[in-house]
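The structure file my_file.tsv is reproduced below (TSV, C-alpha atoms and all ligand atoms).
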chain	number	residue	atom	x	y	z
M	983	MET	CA	-19.03	-7.13	-13.65
M	984	LYS	CA	-15.80	-5.14	-13.52
M	985	ASN	CA	-12.86	-5.56	-15.89
M	986	ILE	CA	-9.80	-4.50	-13.93
M	987	LEU	CA	-6.22	-3.67	-14.91
M	988	ILE	CA	-3.62	-3.63	-12.14
M	989	VAL	CA	-0.56	-1.57	-13.03
M	990	GLY	CA	2.25	-2.80	-10.78
M	991	SER	CA	0.66	-6.12	-9.87
M	992	THR	CA	3.82	-7.84	-8.61
M	993	GLY	CA	4.64	-5.40	-5.80
M	994	GLN	CA	3.79	-5.56	-2.11
M	995	ILE	CA	0.14	-4.53	-2.56
M	996	GLY	CA	-0.43	-5.74	-6.13
M	997	SER	CA	0.63	-9.32	-5.46
M	998	GLU	CA	-2.12	-9.68	-2.84
M	999	LEU	CA	-4.70	-7.34	-4.35
M	1000	SER	CA	-4.65	-9.37	-7.56
M	1001	ILE	CA	-5.53	-12.56	-5.67
M	1002	ARG	CA	-8.36	-10.85	-3.77
M	1003	LEU	CA	-9.77	-9.08	-6.85
M	1004	ARG	CA	-9.74	-12.31	-8.84
M	1005	SER	CA	-11.62	-14.10	-6.07
M	1006	ILE	CA	-14.33	-11.42	-6.27
M	1007	TYR	CA	-14.55	-10.53	-9.96
M	1008	GLY	CA	-13.24	-13.73	-11.59
M	1009	ASP	CA	-9.75	-14.74	-12.75
M	1010	ASN	CA	-10.24	-13.58	-16.32
M	1011	ASN	CA	-11.60	-10.16	-15.35
M	1012	VAL	CA	-8.47	-9.04	-13.53
M	1013	ILE	CA	-5.49	-8.33	-15.79
M	1014	CYS	CA	-2.15	-8.24	-13.98
M	1015	GLY	CA	0.29	-5.70	-15.42
M	1016	TYR	CA	3.91	-6.62	-14.70
M	1017	TYR	CA	7.13	-4.79	-15.30
M	1018	LYS	CA	10.13	-6.75	-14.12
M	1019	PRO	CA	10.96	-9.96	-12.24
M	1020	PRO	CA	10.71	-11.54	-9.75
M	1021	TYR	CA	7.16	-12.67	-10.47
M	1022	PRO	CA	5.16	-14.47	-7.78
M	1023	ASP	CA	4.82	-18.26	-8.06
M	1024	ASN	CA	2.37	-19.34	-10.79
M	1025	PHE	CA	2.00	-15.67	-11.77
M	1026	PHE	CA	1.47	-16.48	-15.44
M	1027	ASP	CA	-0.90	-19.40	-14.76
M	1028	LEU	CA	-3.43	-17.68	-12.52
M	1029	GLY	CA	-5.09	-15.35	-15.02
M	1030	PRO	CA	-4.39	-12.85	-17.81
M	1031	THR	CA	-1.15	-10.85	-17.57
M	1032	VAL	CA	0.29	-8.05	-19.66
M	1033	GLU	CA	3.74	-6.46	-19.70
M	1034	ILE	CA	3.36	-2.78	-18.82
M	1035	ASP	CA	5.93	-0.10	-18.17
M	1036	ALA	CA	3.79	2.41	-16.26
M	1037	THR	CA	5.77	5.29	-17.76
M	1038	ASN	CA	4.66	4.20	-21.27
M	1039	ILE	CA	1.12	5.46	-21.97
M	1040	ASP	CA	0.67	3.39	-25.13
M	1041	GLN	CA	1.19	0.15	-23.24
M	1042	ILE	CA	-1.48	1.13	-20.71
M	1043	ALA	CA	-3.91	2.27	-23.43
M	1044	ASP	CA	-3.37	-0.92	-25.47
M	1045	ALA	CA	-4.12	-3.12	-22.44
M	1046	VAL	CA	-7.23	-1.10	-21.56
M	1047	LYS	CA	-8.56	-1.43	-25.14
M	1048	LYS	CA	-7.64	-5.10	-25.54
M	1049	TYR	CA	-9.27	-6.22	-22.29
M	1050	LYS	CA	-12.15	-3.67	-22.28
M	1051	ILE	CA	-10.97	-2.38	-18.90
M	1052	ASP	CA	-13.29	-0.20	-16.82
M	1053	THR	CA	-11.21	0.13	-13.63
M	1054	ILE	CA	-7.46	0.74	-13.26
M	1055	TYR	CA	-5.58	0.11	-10.00
M	1056	ASN	CA	-2.41	2.15	-10.43
M	1057	LEU	CA	0.10	0.81	-7.90
M	1058	ALA	CA	3.40	1.78	-9.53
M	1059	ALA	CA	5.57	3.71	-7.06
M	1060	ILE	CA	9.02	3.93	-5.49
M	1061	LEU	CA	8.68	3.89	-1.67
M	1062	SER	CA	9.81	6.76	0.53
M	1063	ALA	CA	13.37	5.91	1.61
M	1064	THR	CA	14.37	4.53	-1.81
M	1065	ALA	CA	12.91	7.59	-3.56
M	1066	GLU	CA	15.03	9.87	-1.34
M	1067	LYS	CA	18.13	8.15	-2.72
M	1068	ASN	CA	16.98	8.74	-6.31
M	1069	PRO	CA	14.43	11.59	-6.25
M	1070	LYS	CA	14.21	11.88	-10.03
M	1071	LEU	CA	13.29	8.22	-10.36
M	1072	GLY	CA	10.79	8.54	-7.49
M	1073	TRP	CA	9.20	11.50	-9.21
M	1074	SER	CA	9.06	10.01	-12.70
M	1075	VAL	CA	7.67	6.62	-11.66
M	1076	GLY	CA	5.06	8.22	-9.38
M	1077	MET	CA	3.99	11.03	-11.70
M	1078	ASP	CA	4.31	9.44	-15.14
M	1079	SER	CA	2.31	6.41	-14.10
M	1080	LEU	CA	-0.39	8.63	-12.62
M	1081	MET	CA	-0.67	10.99	-15.58
M	1082	ASN	CA	-0.70	8.07	-18.00
M	1083	CYS	CA	-3.44	6.25	-16.11
M	1084	LEU	CA	-5.52	9.42	-15.77
M	1085	ASP	CA	-5.20	10.29	-19.45
M	1086	VAL	CA	-6.05	6.76	-20.57
M	1087	ALA	CA	-8.97	6.70	-18.13
M	1088	ARG	CA	-10.25	10.00	-19.46
M	1089	GLU	CA	-10.12	8.84	-23.06
M	1090	LEU	CA	-11.38	5.31	-22.51
M	1091	ASN	CA	-13.79	5.92	-19.64
M	1092	CYS	CA	-12.23	4.06	-16.71
M	1093	ALA	CA	-12.31	4.55	-12.96
M	1094	VAL	CA	-8.87	4.94	-11.35
M	1095	PHE	CA	-7.52	4.03	-7.90
M	1096	THR	CA	-4.08	5.42	-7.05
M	1097	PRO	CA	-2.99	5.03	-3.43
M	1098	SER	CA	-1.91	8.01	-1.42
M	1099	SER	CA	-0.07	7.64	1.89
M	1100	ILE	CA	0.68	8.95	5.37
M	1101	GLY	CA	3.71	10.28	3.47
M	1102	ALA	CA	1.45	12.97	1.99
M	1103	PHE	CA	1.79	14.84	5.30
M	1104	GLY	CA	4.78	16.75	6.65
M	1105	ASN	CA	6.34	18.38	9.69
M	1106	ASN	CA	3.74	21.12	10.09
M	1107	THR	CA	0.72	18.80	9.86
M	1108	PRO	CA	-1.05	18.15	13.21
M	1109	LYS	CA	0.59	14.92	14.44
M	1110	ASP	CA	-2.15	13.24	16.45
M	1111	LYS	CA	-5.50	12.26	14.97
M	1112	THR	CA	-4.43	14.10	11.82
M	1113	PRO	CA	-7.63	15.51	10.25
M	1114	GLN	CA	-8.87	14.54	6.79
M	1115	ASP	CA	-8.42	18.08	5.46
M	1116	THR	CA	-5.29	19.70	6.83
M	1117	ILE	CA	-1.84	21.08	5.95
M	1118	GLN	CA	0.00	18.88	3.43
M	1119	ARG	CA	3.57	20.04	2.93
M	1120	PRO	CA	5.66	16.83	2.87
M	1121	ASN	CA	9.43	17.04	2.67
M	1122	THR	CA	10.07	13.80	0.76
M	1123	VAL	CA	9.79	13.32	-2.99
M	1124	TYR	CA	7.52	10.34	-2.31
M	1125	GLY	CA	5.19	12.57	-0.29
M	1126	ILE	CA	5.25	15.28	-2.93
M	1127	THR	CA	4.18	12.77	-5.61
M	1128	LYS	CA	1.35	11.66	-3.33
M	1129	VAL	CA	0.06	15.20	-2.75
M	1130	VAL	CA	0.25	15.99	-6.46
M	1131	GLY	CA	-1.46	12.66	-7.12
M	1132	GLU	CA	-4.34	13.58	-4.84
M	1133	LEU	CA	-4.73	16.99	-6.43
M	1134	LEU	CA	-4.48	15.75	-10.02
M	1135	SER	CA	-6.91	12.92	-9.37
M	1136	ASP	CA	-9.47	15.38	-7.95
M	1137	TYR	CA	-8.79	17.69	-10.90
M	1138	TYR	CA	-9.51	14.94	-13.45
M	1139	TYR	CA	-12.74	14.18	-11.58
M	1140	SER	CA	-14.01	17.75	-11.30
M	1141	ARG	CA	-12.87	18.85	-14.76
M	1142	TRP	CA	-13.63	15.74	-16.84
M	1143	GLY	CA	-15.66	13.45	-14.61
M	1144	VAL	CA	-13.00	10.73	-14.41
M	1145	ASP	CA	-14.06	8.48	-11.51
M	1146	THR	CA	-10.93	8.79	-9.38
M	1147	ARG	CA	-10.89	7.54	-5.77
M	1148	SER	CA	-8.14	6.89	-3.27
M	1149	VAL	CA	-7.07	6.18	0.30
M	1150	ARG	CA	-4.03	7.31	2.26
M	1151	PHE	CA	-2.37	4.03	3.20
M	1152	PRO	CA	-0.44	3.75	6.46
M	1153	GLY	CA	2.58	1.42	6.61
M	1154	ILE	CA	1.24	-1.89	5.30
M	1155	ILE	CA	2.25	-5.08	7.09
M	1156	SER	CA	2.20	-8.09	4.81
M	1157	ASN	CA	3.68	-11.55	4.45
M	1158	LEU	CA	3.67	-12.39	0.74
M	1159	THR	CA	5.84	-9.79	-1.01
M	1160	HIS	CA	8.36	-7.55	0.76
M	1161	PRO	CA	7.68	-3.80	0.60
M	1162	GLY	CA	11.24	-2.77	-0.28
M	1163	GLY	CA	12.51	0.69	0.57
M	1164	GLY	CA	9.77	2.16	2.74
M	1165	THR	CA	10.15	3.89	6.09
M	1166	THR	CA	7.58	1.60	7.68
M	1167	ASP	CA	9.24	-1.62	6.43
M	1168	TYR	CA	10.68	-2.36	9.89
M	1169	ALA	CA	7.20	-3.40	11.05
M	1170	VAL	CA	7.23	-6.15	8.40
M	1171	GLU	CA	10.87	-7.24	8.80
M	1172	ILE	CA	10.59	-7.63	12.58
M	1173	PHE	CA	8.20	-10.58	12.10
M	1174	TYR	CA	10.52	-12.44	9.71
M	1175	ASN	CA	13.37	-12.18	12.24
M	1176	ALA	CA	11.19	-13.16	15.22
M	1177	VAL	CA	9.79	-16.26	13.52
M	1178	GLN	CA	13.27	-17.38	12.38
M	1179	GLY	CA	14.68	-16.93	15.90
M	1180	GLU	CA	16.93	-14.03	14.90
M	1181	LYS	CA	17.61	-10.75	16.66
M	1182	PHE	CA	16.07	-7.66	15.04
M	1183	THR	CA	17.82	-4.31	14.71
M	1184	CYS	CA	15.31	-1.50	14.38
M	1185	PRO	CA	16.14	1.49	12.14
M	1186	VAL	CA	13.80	3.97	13.87
M	1187	LYS	CA	13.91	5.10	17.51
M	1188	ALA	CA	11.69	3.98	20.36
M	1189	GLY	CA	8.83	6.44	20.67
M	1190	THR	CA	8.46	6.88	16.88
M	1191	TYR	CA	4.73	6.40	16.33
M	1192	MET	CA	3.30	5.76	12.86
M	1193	ASP	CA	-0.01	4.44	11.58
M	1194	MET	CA	0.17	0.85	10.34
M	1195	MET	CA	-2.32	-1.58	8.81
M	1196	TYR	CA	-2.49	-5.31	8.17
M	1197	MET	CA	-2.74	-6.19	4.47
M	1198	PRO	CA	-6.25	-7.76	4.61
M	1199	ASP	CA	-7.64	-4.44	5.85
M	1200	ALA	CA	-5.67	-2.50	3.23
M	1201	LEU	CA	-7.15	-4.72	0.49
M	1202	ASP	CA	-10.65	-4.21	1.87
M	1203	ALA	CA	-10.11	-0.45	1.77
M	1204	ALA	CA	-8.88	-0.47	-1.85
M	1205	ILE	CA	-11.87	-2.52	-2.97
M	1206	GLN	CA	-14.56	-0.88	-0.83
M	1207	ILE	CA	-13.68	2.64	-1.91
M	1208	MET	CA	-14.03	1.64	-5.58
M	1209	GLU	CA	-17.38	-0.04	-4.83
M	1210	ALA	CA	-18.71	2.87	-2.74
M	1211	ASP	CA	-21.89	4.70	-3.72
M	1212	PRO	CA	-20.55	7.84	-5.46
M	1213	SER	CA	-23.46	9.95	-4.23
M	1214	LYS	CA	-22.18	9.45	-0.65
M	1215	LEU	CA	-18.61	10.60	-1.38
M	1216	VAL	CA	-17.89	14.12	-0.22
M	1217	HIS	CA	-14.15	13.48	-0.50
M	1218	ARG	CA	-12.44	11.43	-3.17
M	1219	ASN	CA	-8.68	11.89	-3.25
M	1220	SER	CA	-7.76	10.84	-0.77
M	1221	PHE	CA	-9.32	9.36	2.39
M	1222	ASN	CA	-7.51	8.98	5.71
M	1223	ILE	CA	-7.82	5.37	6.85
M	1224	ALA	CA	-6.44	3.94	10.08
M	1225	SER	CA	-6.45	0.76	12.14
M	1226	MET	CA	-3.47	0.85	14.53
M	1227	SER	CA	-0.70	3.21	15.58
M	1228	PHE	CA	2.39	1.97	17.42
M	1229	ASP	CA	6.07	2.62	18.05
M	1230	PRO	CA	8.85	-0.03	17.86
M	1231	GLU	CA	8.58	-0.82	21.59
M	1232	MET	CA	4.89	-1.67	21.27
M	1233	ILE	CA	5.29	-4.11	18.39
M	1234	TYR	CA	8.35	-5.62	20.09
M	1235	ALA	CA	6.35	-6.19	23.29
M	1236	GLU	CA	3.48	-7.74	21.32
M	1237	ILE	CA	5.80	-10.16	19.52
M	1238	LYS	CA	7.54	-11.05	22.79
M	1239	LYS	CA	4.22	-12.37	24.10
M	1240	HIS	CA	4.67	-15.15	21.52
M	1241	TYR	CA	8.49	-15.34	21.51
M	1242	PRO	CA	9.71	-14.40	25.03
M	1243	GLN	CA	13.37	-14.89	23.97
M	1244	PHE	CA	13.10	-12.49	21.03
M	1245	VAL	CA	15.60	-9.61	21.17
M	1246	MET	CA	15.38	-6.22	19.46
M	1247	ASP	CA	18.02	-3.48	19.55
M	1248	TYR	CA	18.39	-0.21	17.66
M	1249	ASP	CA	20.69	1.15	14.96
M	1250	VAL	CA	18.91	4.29	13.83
M	1251	ASP	CA	18.98	5.09	10.11
M	1252	PRO	CA	19.01	8.93	10.00
M	1253	LEU	CA	17.14	9.06	6.68
M	1254	LYS	CA	14.31	6.79	7.82
M	1255	GLN	CA	14.15	8.52	11.21
M	1256	ALA	CA	13.82	11.97	9.62
M	1257	ILE	CA	11.08	10.72	7.32
M	1258	ALA	CA	9.23	8.98	10.17
M	1259	ASP	CA	9.49	12.09	12.34
M	1260	SER	CA	7.85	14.16	9.61
M	1261	TRP	CA	4.82	11.83	9.36
M	1262	PRO	CA	1.73	11.78	11.60
M	1263	ASN	CA	1.51	9.62	14.72
M	1264	SER	CA	-2.08	8.66	13.92
M	1265	LEU	CA	-4.78	9.64	11.41
M	1266	ASP	CA	-8.42	10.54	12.01
M	1267	ASP	CA	-10.42	8.32	9.63
M	1268	THR	CA	-13.92	9.59	10.50
M	1269	CYS	CA	-14.70	10.69	6.91
M	1270	ALA	CA	-13.90	7.23	5.50
M	1271	ARG	CA	-16.09	5.63	8.17
M	1272	GLU	CA	-18.98	7.99	7.47
M	1273	GLU	CA	-18.81	8.27	3.67
M	1274	TRP	CA	-18.20	4.64	2.68
M	1275	GLY	CA	-18.36	2.52	5.82
M	1276	TRP	CA	-14.63	1.95	6.44
M	1277	SER	CA	-14.16	-0.40	9.39
M	1278	PRO	CA	-10.85	-2.27	9.89
M	1279	LYS	CA	-10.75	-5.77	11.35
M	1280	TYR	CA	-7.19	-6.03	12.70
M	1281	ASP	CA	-5.56	-4.35	15.69
M	1282	LEU	CA	-1.93	-4.91	16.75
M	1283	ALA	CA	-2.66	-8.06	18.81
M	1284	LYS	CA	-4.82	-9.76	16.14
M	1285	MET	CA	-2.43	-8.86	13.33
M	1286	THR	CA	0.55	-10.19	15.29
M	1287	ILE	CA	-1.12	-13.56	15.86
M	1288	ASP	CA	-1.95	-13.91	12.16
M	1289	MET	CA	1.46	-12.76	10.87
M	1290	ILE	CA	3.27	-15.22	13.14
M	1291	GLN	CA	0.98	-18.09	12.19
M	1292	VAL	CA	1.33	-17.48	8.44
M	1293	LEU	CA	5.12	-17.10	8.56
M	1294	LYS	CA	5.58	-20.10	10.88
M	1295	GLU	CA	3.59	-22.31	8.52
M	1296	ARG	CA	5.57	-21.03	5.55
M	1297	TYR	CA	8.96	-21.71	7.17
M	1298	LEU	CA	7.77	-25.15	8.30
M	1299	GLN	CA	6.71	-25.97	4.73
M	1300	GLN	CA	10.08	-24.79	3.42
M	1301	THR	CA	11.94	-26.93	5.95
M	1302	LEU	CA	9.83	-29.95	5.05
M	1303	THR	CA	10.46	-29.35	1.34
M	1304	LEU	CA	14.22	-29.07	1.94
M	1305	GLN	CA	14.22	-32.30	3.94
M	1306	LYS	CA	12.50	-34.26	1.16
M	1401	LIG	N1	4.97	2.39	3.47
M	1401	LIG	C1	5.29	3.63	2.83
M	1401	LIG	C2	6.72	3.97	3.06
M	1401	LIG	O1	7.20	3.73	4.14
M	1401	LIG	C3	4.43	4.74	3.33
M	1401	LIG	O2	3.25	4.79	2.61
M	1401	LIG	O3	7.32	4.53	2.20
Is it possible to give me this structure as structure tokens?
Amino acid sequence: MKNILIVGSTGQIGSELSIRLRSIYGDNNVICGYYKPPYPDNFFDLGPTVEIDATNIDQIADAVKKYKIDTIYNLAAILSATAEKNPKLGWSVGMDSLMNCLDVARELNCAVFTPSSIGAFGNNTPKDKTPQDTIQRPNTVYGITKVVGELLSDYYYSRWGVDTRSVRFPGIISNLTHPGGGTTDYAVEIFYNAVQGEKFTCPVKAGTYMDMMYMPDALDAAIQIMEADPSKLVHRNSFNIASMSFDPEMIYAEIKKHYPQFVMDYDVDPLKQAIADSWPNSLDDTCAREEWGWSPKYDLAKMTIDMIQVLKERYLQQTLTLQK
């Protein structure tokens, strides 16, 4: 039985990973570290929580000792576009949280998962079917923290045997907690507008391809990699994973199958466009498939159906509640 600490449990990934981990390992075995509001509904009622500033190593160490933690999910990060507006903050949140988790894990014998990203690649990386091992020279501070994170995590493993593992997440499409400040956020926001009958203005150009993934697959990846048989892992930090690659026109066309009146136009954000242009169009995830059985369940069509259904039900519930 694992005892898990999630650092950054109220963010886009953490808010859903905590629910999934608790359903697998038990409510009391998953400790949700939180930093600042807003907290999800019932956050404090669903299982143990602990206030943690990821840049404060003592708070992480105290939680690990108190709850006898053996696995840390370190999700604290500032996403790409926001980090470009405040690079020092992007650097310190990304790096301090990582170093703190690695040092605590080394001392107290924990495994550590810290996500990497498609942002760990840059302009001179091969764009299509980007290989697992290739050039990584990102030109965003977010990407730089991810590359350093991969290297440091491998260093802690090879030097001190800390059980570090990771995946390179694509843009994650989710419907519980907004991502906030990422370059791929448009692929989440477009659904909220479509379901509410509003026009959507896309901040990246037609023809801008990026890898994306529906949250249930992203959660599977984060859990499966930590459950994988270590003797099968040739790589550790960090695995390419992929499930779908599309540009704005493709997701627009897919949503229009359900909402024929839906309208999308463009107002390109130069910062987000430059970041998107520097990232791969699609990743080759062969190593993840071979070393730990990665196999996503959602493509663009299946994800679109589910996103629309979940959001429609939520808005219907809200309308019913307001009418009461
Ligand atoms: N979703 C992230 C971003 O856009 C990429 O990992 O910043």
- Message: Taking all atoms listed in the file and a cut-off of 10 Å, can you tell me which residues surround ligand LIG 1401 (chain M), written as a ChimeraX atom specification?
- Response: /M:994,1059-1065,1097-1102,1122,1124-1125,1128,1150-1155,1161-1169,1192-1195,1254,1257-1258,1261
- Message: I'd like the contact shell of Asn1011 of chain M - 9 Å cut-off, all atoms listed in the file, skipping same-chain residues fewer than 5 positions apart - returned as a list in words.
- Response: Met983, Lys984, Asn985, Ile986, Leu987, Leu1003, Arg1004, Gly1029, Pro1030, Tyr1049 and Ile1051 of chain M
- Task: Compile the contact shell of Glu1180 of chain M as a PyMOL selection string: residues with an atom at most 9 Å away, counting all atoms listed in the file, same-chain residues fewer than 6 positions apart removed.
- Result: chain M and resi 1174+1244-1245
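The two atoms in question, atom CA of Thr1037 of chain M and atom CA of Gly1076 of chain M, are spaced 8.9 Å apart.
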- Query: Looking at M:Gly996, M:Pro1262, M:Pro1020, M:Pro1230, which one is nearest to Asp1247 of chain M, with distances taken over all atoms listed in the file?
  - Reply: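 Looking at the shortest contact to Asp1247 of chain M, the residue is M:Pro1230.
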- Would you kindly identify which residues have an atom no farther than 10 Å from (-12.9, 1.7, 0.1), using only C-alpha atoms and the file's own coordinates, and write them out as a list in words? Phe1095, Arg1147, Ser1148, Val1149, Asp1199, Ala1200, Leu1201, Asp1202, Ala1203, Ala1204, Ile1205, Gln1206, Ile1207, Met1208, Glu1209, Ala1210, Phe1221, Ile1223, Ala1270, Arg1271, Glu1273, Trp1274, Gly1275, Trp1276 and Ser1277 of chain M
- Hey, what's within 9 Å of Ile1290 of chain M if we count all atoms listed in the file and toss same-chain stuff fewer than 6 positions away? As a list in words, please?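 Within the cut-off, the hits are Phe1173, Tyr1174, Ala1176, Val1177, Ile1237 and His1240 of chain M.
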- Coordinates-based distance that separates atom CA of Ser1156 of chain M from atom CA of Thr1303 of chain M (Å, one decimal): 23.1 Å
Segment 1146-1159 of chain M, all listed atoms, 5 Å padding on each side: what axis-aligned box centre and edge lengths in Å to one decimal come out, as lines of an AutoDock Vina configuration file?
center_x = -2.5
center_y = -1.8
center_z = -1.1
size_x = 26.8
size_y = 31.2
size_z = 26.5
- Task: Fewer than 5 positions away in the same chain doesn't count, so skip those; otherwise give me all residues within 7 Å of Thr1031 of chain M, counting only C-alpha atoms, as a ChimeraX atom specification.
- Result: /M:1013-1015,1026
- Hey, which of M:Tyr1280, M:Phe1228, M:Tyr1234, M:Tyr1007 ends up closest to Pro1198 of chain M? Count only C-alpha atoms.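 Using only C-alpha atoms, Pro1198 of chain M sits closest to M:Tyr1280.
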- Do you know which residues are at most 12 Å from segment 1296-1298 of chain M counting only C-alpha atoms, after dropping those on the same chain fewer than 3 positions away, and could you put them as a list in words? Asn1157, Leu1158, Tyr1174, Asn1175, Ala1176, Val1177, Gln1178, Gly1179, Met1289, Ile1290, Gln1291, Val1292, Leu1293, Thr1301, Leu1302, Thr1303, Leu1304 and Gln1305 of chain M
- Figure out the distance between atom CA of Val1129 of chain M and atom CA of Lys1109 of chain M, please, to one decimal in Å.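 Separating atom CA of Lys1109 of chain M from atom CA of Val1129 of chain M is a distance of 17.2 Å.
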- For Tyr1017 of chain M, the nearest of the candidates M:Val989, M:Arg1218, M:Ser1005, M:Ala1043, counting all atoms listed in the file: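 Result for the nearest residue to Tyr1017 of chain M: M:Val989.
Shortest atom-to-atom contact with Glu1236 of chain M among M:Ser1074, M:Met1285, M:Asp1249, M:Leu1215: M:Met1285, counting all atoms listed in the file.
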- With distances taken over all atoms listed in the file, which of M:Glu1033, M:Glu1171, M:Asp1115, M:Asp1267 is nearest to Tyr1021 of chain M?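 Nearest candidate to Tyr1021 of chain M out of M:Glu1033, M:Glu1171, M:Asp1115, M:Asp1267: M:Glu1033.
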Write out all heavy atoms for segment 1096-1102 of chain M, as a PDB file, in the coordinates of the input.
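Output saved as result33.pdb:
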ATOM      1  N   THR M1096      -5.516   5.235  -7.242  1.00  0.00           N
ATOM      2  CA  THR M1096      -4.080   5.420  -7.050  1.00  0.00           C
ATOM      3  C   THR M1096      -3.854   5.687  -5.565  1.00  0.00           C
ATOM      4  O   THR M1096      -4.370   6.672  -5.040  1.00  0.00           O
ATOM      5  CB  THR M1096      -3.550   6.637  -7.844  1.00  0.00           C
ATOM      6  OG1 THR M1096      -3.919   6.503  -9.215  1.00  0.00           O
ATOM      7  CG2 THR M1096      -2.030   6.744  -7.733  1.00  0.00           C
ATOM      8  N   PRO M1097      -3.121   4.820  -4.864  1.00  0.00           N
ATOM      9  CA  PRO M1097      -2.990   5.030  -3.430  1.00  0.00           C
ATOM     10  C   PRO M1097      -2.240   6.293  -3.075  1.00  0.00           C
ATOM     11  O   PRO M1097      -1.241   6.624  -3.721  1.00  0.00           O
ATOM     12  CB  PRO M1097      -2.225   3.803  -2.934  1.00  0.00           C
ATOM     13  CG  PRO M1097      -1.735   3.096  -4.120  1.00  0.00           C
ATOM     14  CD  PRO M1097      -2.423   3.621  -5.328  1.00  0.00           C
ATOM     15  N   SER M1098      -2.725   7.002  -2.050  1.00  0.00           N
ATOM     16  CA  SER M1098      -1.910   8.010  -1.420  1.00  0.00           C
ATOM     17  C   SER M1098      -1.349   7.392  -0.137  1.00  0.00           C
ATOM     18  O   SER M1098      -1.369   6.156   0.005  1.00  0.00           O
ATOM     19  CB  SER M1098      -2.717   9.275  -1.138  1.00  0.00           C
ATOM     20  OG  SER M1098      -1.854  10.285  -0.634  1.00  0.00           O
ATOM     21  N   SER M1099      -0.848   8.193   0.778  1.00  0.00           N
ATOM     22  CA  SER M1099      -0.070   7.640   1.890  1.00  0.00           C
ATOM     23  C   SER M1099      -0.022   8.615   3.056  1.00  0.00           C
ATOM     24  O   SER M1099      -0.240   9.825   2.883  1.00  0.00           O
ATOM     25  CB  SER M1099       1.347   7.388   1.352  1.00  0.00           C
ATOM     26  OG  SER M1099       2.289   7.298   2.382  1.00  0.00           O
ATOM     27  N   ILE M1100       0.346   8.073   4.234  1.00  0.00           N
ATOM     28  CA  ILE M1100       0.680   8.950   5.370  1.00  0.00           C
ATOM     29  C   ILE M1100       1.842   9.861   4.990  1.00  0.00           C
ATOM     30  O   ILE M1100       2.055  10.889   5.604  1.00  0.00           O
ATOM     31  CB  ILE M1100       1.040   8.141   6.639  1.00  0.00           C
ATOM     32  CG1 ILE M1100       2.116   7.085   6.343  1.00  0.00           C
ATOM     33  CG2 ILE M1100      -0.198   7.504   7.224  1.00  0.00           C
ATOM     34  CD1 ILE M1100       2.646   6.377   7.603  1.00  0.00           C
ATOM     35  N   GLY M1101       2.594   9.458   3.953  1.00  0.00           N
ATOM     36  CA  GLY M1101       3.710  10.280   3.470  1.00  0.00           C
ATOM     37  C   GLY M1101       3.260  11.576   2.826  1.00  0.00           C
ATOM     38  O   GLY M1101       4.086  12.439   2.529  1.00  0.00           O
ATOM     39  N   ALA M1102       1.940  11.731   2.594  1.00  0.00           N
ATOM     40  CA  ALA M1102       1.450  12.970   1.990  1.00  0.00           C
ATOM     41  C   ALA M1102       1.377  14.103   3.019  1.00  0.00           C
ATOM     42  O   ALA M1102       0.968  15.211   2.691  1.00  0.00           O
ATOM     43  CB  ALA M1102       0.065  12.744   1.378  1.00  0.00           C
TER      44      ALA M1102
END
